[in-house]
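K.L.:
Sharing a structure with you now.
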Amino acid sequence: MSNQEEFETDTETETEQDIILTAEDLRKLSPLDWARYGTNRIAYLRPVMVNNQRSVAIHAADGTQIGAAPDYALAAAAIFQHGMGVALVH
């Protein structure tokens, strides 16, 4: 494979990964598609109790807990600091 072909392949892959879905598109995603799309891009927050203290757990789109913080503001800041977006779920 030539350097040009390698560059084009890399560019196509990056473009596919950088697809931005609209809110309507996101509403139509199945749970599995949602997890695949957002695992590295989207996180959500869930209130939890840690040592009898209110805290906030940070979860990747696939449900994996990836962090925690003492409040929503710090949890959201941590998500943004890592280049992810916060999804509002209910």
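Ordered as shown in the structure tokens, chains take letters A, B, and onward, while each chain numbers its residues from 1 and ligands are numbered from 1 in the order shown.
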I want to know what sits within 10 Å of Pro70 (chain A), based on only C-alpha atoms, with residues of the same chain fewer than 4 positions away left out; could you give that as number ranges by chain?
P.N.:
A: 47-50, 53-57, 74-75
K.L.:
Taking only C-alpha atoms into account, which of A:Ala61, A:Ala69, A:Leu32, A:Ile42 comes nearest His82 (chain A)?
P.N.:
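The answer is A:Ile42, which sits nearest to His82 (chain A).
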K.L.:
Give the strand (DSSP E) residues of region 27-88 of chain A, as assigned by DSSP on the backbone, as a PyMOL selection string.
P.N.:
chain A and resi 42-50+53-60+65-69+85-86
K.L.:
Could you name the residues that touch Ile58 (chain A) at 6 Å or less, counting only C-alpha atoms, but leaving out those on the same chain fewer than 3 positions away, as an MDAnalysis selection string?
P.N.:
chainID A and resid 44:45 65:68
K.L.:
So that I have them on file, write out the residues from the current selection with C-alpha atoms, as a compact mmCIF listing (two decimals), in the first residue's frame.
P.N.:
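Once written, out.txt looks like this:
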# COMPACT_ATOMS: atom_id res chain seq x y z
CA TYR A 44 -23.95 10.11 31.72
CA LEU A 45 -24.27 10.87 35.40
CA GLN A 65 -18.61 3.24 35.44
CA ILE A 66 -15.59 5.35 34.54
CA GLY A 67 -15.42 7.74 37.47
CA ALA A 68 -17.12 9.52 40.33
K.L.:
CA of Asp33 (chain A) and CA of Tyr72 (chain A) are how many Å apart?
P.N.:
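Rounded to one decimal, the two atoms are 26.3 Å apart.
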K.L.:
For a test of reading the model, state the distance in Å between CA of Ile79 (chain A) and CA of Lys28 (chain A), rounded to one decimal.
P.N.:
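Here the two named atoms are 24.0 Å from each other.
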K.L.:
Can you work out the spacing between CA of Val89 (chain A) and CA of Asn51 (chain A) in Å, to one decimal?
P.N.:
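Rounded to one decimal, the two atoms are 24.9 Å apart.
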